[in-house]
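For reference, the structure is listed below as structure tokens.
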Amino acid sequence: MDITGSGVKIRQLQILREVMRAGSERLAAQVLRITQPAVSQNIKQLEEAIGFALFRRENNRLIPTAKAWEFLRTIDAAFAGLDRIGPSIDFLRSNDTRLIGIAAPSAFSFATLPRVVKRIREKSRSYAVQVKTGTYQQIADHVLNGRSDLGISRLPIDERILDWMPIGSATNVCLFPRDHRFAAQRVVTAEDLAGEPIIDIDPQFASHQMSVNALRYMGAAPEIAVEYDANGHDIGYVMAGIGVSITNEIIAKEYADFGVEFRPFQPGAVYHYVVVWQKGRKLSDSVRFAVEELAAAAADQAA
């Protein structure tokens, strides 16, 4: 199939994906179960159609160009819709359409999601909600592959494959037990963390950058008591008095019933939370109601 008269065929893009992933035409041919000359010919035709080189050839090896990697990101975004057709069919075949799937960080199961599920059930007891948790990437994958109707995520997102609606913004806070010395402060700074045991999130997250890297910049070695990998896993350690945690206000408010407090933390950042769903999907009445209730629950938390 020719794409918008460009001379580029879907099969050529599939072959390019496999060559980039496998690292060679030979391995890509094995995965695709075609001959290596067929792979080479399709790559050559694709380069002719798009008008720029995708690889440098050095010592019989293919080295992708910078344009090739950028092109691959565009292809992956376009193929995401195709890749999710099968899982979506399986999902619809094996699930009651009155089942509403929501993917969210585990912390949202403490307050926001219970409120939403309660409102959905009050509207109709025939509705059930399936909750999946994970990292923001895993949440996007749940939505794109049809395992969840909706996801709670943070900006930025890939708007080529997801539609979204804002539900709230938050800045960094320091979370601590109620009897902690930070309760007497209006603001907690990186300097205040010197010598303080820290319940620290994985280094890939921004809140890690706010606290641990700020301490290192000041020449102080952070005392990491516990490291965790997802929002919602820190509250028990904070409650136990093991250390303090740097999170954001939206997540901290999920912990309101756990006997902890929080104060603004500096330096900080702003986080924008959104509800996401598959790009271009027409939402059913029940799923749209769930979107509205997620926004309402987030507004209640912010009040």
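Labels used: A, B, ... for chains in the order of the structure tokens, numbers from 1 for residues in each chain, and numbers from 1 for ligands as shown.
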
Requested in this report: Quick one: everything within 9 Å of Ile224 in chain A, counting only C-alpha atoms, minus sequence neighbours fewer than 3 positions away in the same chain. Send it as a PyMOL selection string.
Outcome: chain A and resi 196-200+212+227+243

Write the residues you've just listed into a file as a compact mmCIF listing (two decimals), in the first residue's frame, and include all heavy atoms for each of them.
# COMPACT_ATOMS: atom_id res chain seq x y z
N GLU A 196 19.45 14.14 56.71
CA GLU A 196 18.10 13.60 56.89
C GLU A 196 17.94 12.33 56.06
O GLU A 196 18.20 12.33 54.85
CB GLU A 196 17.07 14.63 56.44
CG GLU A 196 15.64 14.30 56.75
CD GLU A 196 15.30 14.46 58.22
OE1 GLU A 196 15.80 15.43 58.85
OE2 GLU A 196 14.55 13.62 58.74
N PRO A 197 17.53 11.21 56.65
CA PRO A 197 17.28 10.00 55.84
C PRO A 197 16.19 10.27 54.81
O PRO A 197 15.17 10.88 55.12
CB PRO A 197 16.82 8.96 56.88
CG PRO A 197 17.33 9.48 58.19
CD PRO A 197 17.30 10.97 58.09
N ILE A 198 16.42 9.81 53.59
CA ILE A 198 15.51 10.11 52.48
C ILE A 198 14.93 8.81 51.92
O ILE A 198 15.65 7.84 51.69
CB ILE A 198 16.24 10.87 51.36
CG1 ILE A 198 16.78 12.20 51.90
CG2 ILE A 198 15.31 11.12 50.18
CD1 ILE A 198 17.67 12.94 50.91
N ILE A 199 13.61 8.81 51.74
CA ILE A 199 12.93 7.75 50.99
C ILE A 199 12.90 8.24 49.56
O ILE A 199 12.12 9.14 49.23
CB ILE A 199 11.51 7.49 51.53
CG1 ILE A 199 11.48 7.43 53.06
CG2 ILE A 199 10.93 6.24 50.91
CD1 ILE A 199 12.36 6.35 53.65
N ASP A 200 13.73 7.70 48.70
CA ASP A 200 14.00 8.31 47.39
C ASP A 200 13.44 7.49 46.24
O ASP A 200 13.58 6.26 46.21
CB ASP A 200 15.52 8.47 47.21
CG ASP A 200 15.86 9.24 45.95
OD1 ASP A 200 15.21 10.27 45.70
OD2 ASP A 200 16.78 8.81 45.23
N VAL A 212 18.00 14.85 45.64
CA VAL A 212 19.32 14.24 45.72
C VAL A 212 20.37 15.04 44.95
O VAL A 212 21.46 15.31 45.46
CB VAL A 212 19.26 12.79 45.22
CG1 VAL A 212 20.65 12.19 45.13
CG2 VAL A 212 18.39 11.95 46.16
N GLU A 227 15.08 3.18 48.51
CA GLU A 227 14.81 3.64 47.15
C GLU A 227 13.63 2.84 46.60
O GLU A 227 13.59 1.62 46.74
CB GLU A 227 16.03 3.45 46.25
CG GLU A 227 15.85 4.07 44.87
CD GLU A 227 17.11 3.99 44.02
OE1 GLU A 227 17.97 4.88 44.16
OE2 GLU A 227 17.24 3.02 43.25
N GLY A 243 12.23 7.94 57.18
CA GLY A 243 12.80 9.08 56.49
C GLY A 243 11.72 9.96 55.89
O GLY A 243 10.52 9.73 56.12

Which residues are close to Gly280 in chain A, i.e. within 12 Å by only C-alpha atoms, leaving aside same-chain residues fewer than 4 positions away? Reply as a PDB file with C-alpha atoms, in the first residue's frame.
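And here is the file that came out, out-v8.pdb:
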ATOM      1  CA  GLY A  81      -2.562   2.483  15.969  1.00  0.00           C
ATOM      2  CA  LEU A 144      -2.579   2.157  23.480  1.00  0.00           C
ATOM      3  CA  GLU A 159      -0.031  13.810  21.101  1.00  0.00           C
ATOM      4  CA  ARG A 160       0.337  11.884  17.853  1.00  0.00           C
ATOM      5  CA  ILE A 161      -1.043   8.746  19.538  1.00  0.00           C
ATOM      6  CA  LEU A 162      -2.935  10.022  22.606  1.00  0.00           C
ATOM      7  CA  ASP A 163      -5.736  12.496  23.255  1.00  0.00           C
ATOM      8  CA  TRP A 164      -5.876  14.086  26.697  1.00  0.00           C
ATOM      9  CA  VAL A 276      -5.386  10.163  28.327  1.00  0.00           C
TER      10      VAL A 276
END

Query - Atom pair CA of Ala22 in chain A / CA of Val39 in chain A: separation (Å) - result: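 Separation between CA of Ala22 in chain A and CA of Val39 in chain A: 12.3 Å.
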
Query raised in the report: Excluding same-chain residues fewer than 3 positions from range 53-66 of chain A, what lies within 9 Å of it counting only C-alpha atoms, as a VMD selection string?
Result: chain A and resid 19 to 20 23 to 25 43 to 44 46 to 48 50 69 to 71

Any chance you can output those residues with all heavy atoms as a compact mmCIF listing (two decimals), in the first residue's frame?
# COMPACT_ATOMS: atom_id res chain seq x y z
N VAL A 19 15.09 -3.79 10.67
CA VAL A 19 16.53 -3.57 10.48
C VAL A 19 17.09 -2.72 11.61
O VAL A 19 18.16 -3.00 12.16
CB VAL A 19 16.81 -2.90 9.11
CG1 VAL A 19 18.27 -2.51 8.99
CG2 VAL A 19 16.44 -3.85 7.97
N MET A 20 16.37 -1.67 11.98
CA MET A 20 16.81 -0.79 13.08
C MET A 20 16.85 -1.54 14.40
O MET A 20 17.76 -1.38 15.21
CB MET A 20 15.88 0.41 13.18
CG MET A 20 15.83 1.30 11.96
SD MET A 20 17.20 2.46 11.83
CE MET A 20 16.71 3.69 13.03
N GLY A 23 19.59 -4.51 14.02
CA GLY A 23 20.96 -4.03 13.86
C GLY A 23 21.65 -4.51 12.60
O GLY A 23 22.79 -4.16 12.35
N SER A 24 20.96 -5.33 11.81
CA SER A 24 21.55 -5.81 10.56
C SER A 24 20.45 -6.29 9.63
O SER A 24 19.36 -6.69 10.08
CB SER A 24 22.55 -6.93 10.80
OG SER A 24 21.89 -8.16 11.07
N GLU A 25 20.75 -6.27 8.33
CA GLU A 25 19.79 -6.77 7.35
C GLU A 25 19.63 -8.28 7.47
O GLU A 25 18.54 -8.82 7.26
CB GLU A 25 20.24 -6.38 5.95
CG GLU A 25 20.15 -4.87 5.69
CD GLU A 25 20.60 -4.51 4.28
OE1 GLU A 25 21.34 -5.31 3.66
OE2 GLU A 25 20.22 -3.42 3.79
N ILE A 43 15.00 -1.48 1.46
CA ILE A 43 15.64 -0.32 2.10
C ILE A 43 16.11 0.67 1.03
O ILE A 43 15.92 1.89 1.16
CB ILE A 43 16.82 -0.76 2.98
CG1 ILE A 43 16.32 -1.57 4.18
CG2 ILE A 43 17.62 0.46 3.46
CD1 ILE A 43 15.41 -0.82 5.12
N LYS A 44 16.68 0.14 -0.05
CA LYS A 44 17.14 1.01 -1.14
C LYS A 44 15.96 1.76 -1.76
O LYS A 44 16.03 2.97 -2.01
CB LYS A 44 17.85 0.17 -2.20
CG LYS A 44 18.38 0.99 -3.37
CD LYS A 44 19.09 0.10 -4.39
CE LYS A 44 19.57 0.92 -5.58
NZ LYS A 44 20.23 0.06 -6.60
N LEU A 46 13.12 2.44 -0.36
CA LEU A 46 12.60 3.40 0.62
C LEU A 46 13.44 4.67 0.62
O LEU A 46 12.91 5.78 0.65
CB LEU A 46 12.58 2.76 2.02
CG LEU A 46 12.10 3.65 3.17
CD1 LEU A 46 10.70 4.18 2.92
CD2 LEU A 46 12.16 2.89 4.49
N GLU A 47 14.77 4.53 0.60
CA GLU A 47 15.65 5.70 0.57
C GLU A 47 15.41 6.53 -0.68
O GLU A 47 15.41 7.77 -0.63
CB GLU A 47 17.11 5.25 0.65
CG GLU A 47 17.51 4.71 2.02
CD GLU A 47 18.96 4.24 2.08
OE1 GLU A 47 19.42 3.66 1.07
OE2 GLU A 47 19.61 4.45 3.11
N GLU A 48 15.16 5.86 -1.80
CA GLU A 48 14.88 6.59 -3.04
C GLU A 48 13.56 7.34 -2.94
O GLU A 48 13.44 8.47 -3.41
CB GLU A 48 14.84 5.60 -4.21
CG GLU A 48 16.21 5.02 -4.55
CD GLU A 48 16.13 3.92 -5.61
OE1 GLU A 48 14.99 3.52 -5.95
OE2 GLU A 48 17.19 3.46 -6.06
N ILE A 50 12.02 8.51 -0.16
CA ILE A 50 12.00 9.61 0.80
C ILE A 50 13.05 10.67 0.51
O ILE A 50 12.99 11.78 1.03
CB ILE A 50 12.17 9.09 2.25
CG1 ILE A 50 13.51 8.37 2.42
CG2 ILE A 50 11.02 8.18 2.63
CD1 ILE A 50 13.75 7.83 3.82
N TRP A 69 16.80 7.64 12.85
CA TRP A 69 16.21 7.48 14.20
C TRP A 69 14.97 8.35 14.36
O TRP A 69 13.98 7.93 14.96
CB TRP A 69 17.25 7.83 15.26
CG TRP A 69 18.33 6.80 15.39
CD1 TRP A 69 19.66 6.93 15.11
CD2 TRP A 69 18.17 5.44 15.85
NE1 TRP A 69 20.33 5.76 15.34
CE2 TRP A 69 19.46 4.83 15.81
CE3 TRP A 69 17.08 4.69 16.28
CZ2 TRP A 69 19.66 3.50 16.17
CZ3 TRP A 69 17.29 3.37 16.66
CH2 TRP A 69 18.56 2.78 16.59
N GLU A 70 15.02 9.56 13.81
CA GLU A 70 13.86 10.44 13.88
C GLU A 70 12.70 9.86 13.06
O GLU A 70 11.54 9.88 13.48
CB GLU A 70 14.21 11.84 13.38
CG GLU A 70 13.06 12.83 13.41
CD GLU A 70 12.53 13.07 14.82
OE1 GLU A 70 13.31 12.95 15.78
OE2 GLU A 70 11.32 13.36 14.93
N PHE A 71 13.03 9.33 11.89
CA PHE A 71 12.03 8.70 11.03
C PHE A 71 11.41 7.50 11.74
O PHE A 71 10.20 7.26 11.65
CB PHE A 71 12.69 8.28 9.73
CG PHE A 71 11.74 7.87 8.64
CD1 PHE A 71 10.48 8.44 8.52
CD2 PHE A 71 12.10 6.91 7.71
CE1 PHE A 71 9.60 8.06 7.51
CE2 PHE A 71 11.23 6.52 6.70
CZ PHE A 71 9.99 7.10 6.60

Query - Atom pair CA of Asp149 in chain A / CA of Ala103 in chain A: separation (Å) - result: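 So the two atoms, CA of Asp149 in chain A and CA of Ala103 in chain A, lie 8.0 Å apart.
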
Report task. Determine which residues of range 9-239 of chain A DSSP labels as helix (DSSP H, G or I) from the backbone of this structure, then write them out as a ChimeraX atom specification. Result -> /A:10-22,25-32,36-50,66-83,85-94,106-109,112-123,136-144,181-184,190-193,206-217,235-239

Report task. Determine, counting only C-alpha atoms, which protein, DNA and RNA residues have an atom within 8 Å of an atom of range 165-179 of chain A; residues of the same chain fewer than 2 positions away are not included. Present the result as a PyMOL selection string. Result -> chain A and resi 163+181-183+188+207+238-239+241+243-250+252+259-266+268-276+294-295+298-299+302

Query raised in the report: Using only C-alpha atoms, which of the listed residues (A:Arg121, A:Leu99, A:Thr133, A:Pro267) sits closest to Glu191 in chain A?
Result: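 Residue with the minimum atom-to-atom distance to Glu191 in chain A: A:Pro267.
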
Query - d(CA of Arg186 in chain A, CA of Pro222 in chain A) in Å - result: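 These two atoms are separated by 22.1 Å.
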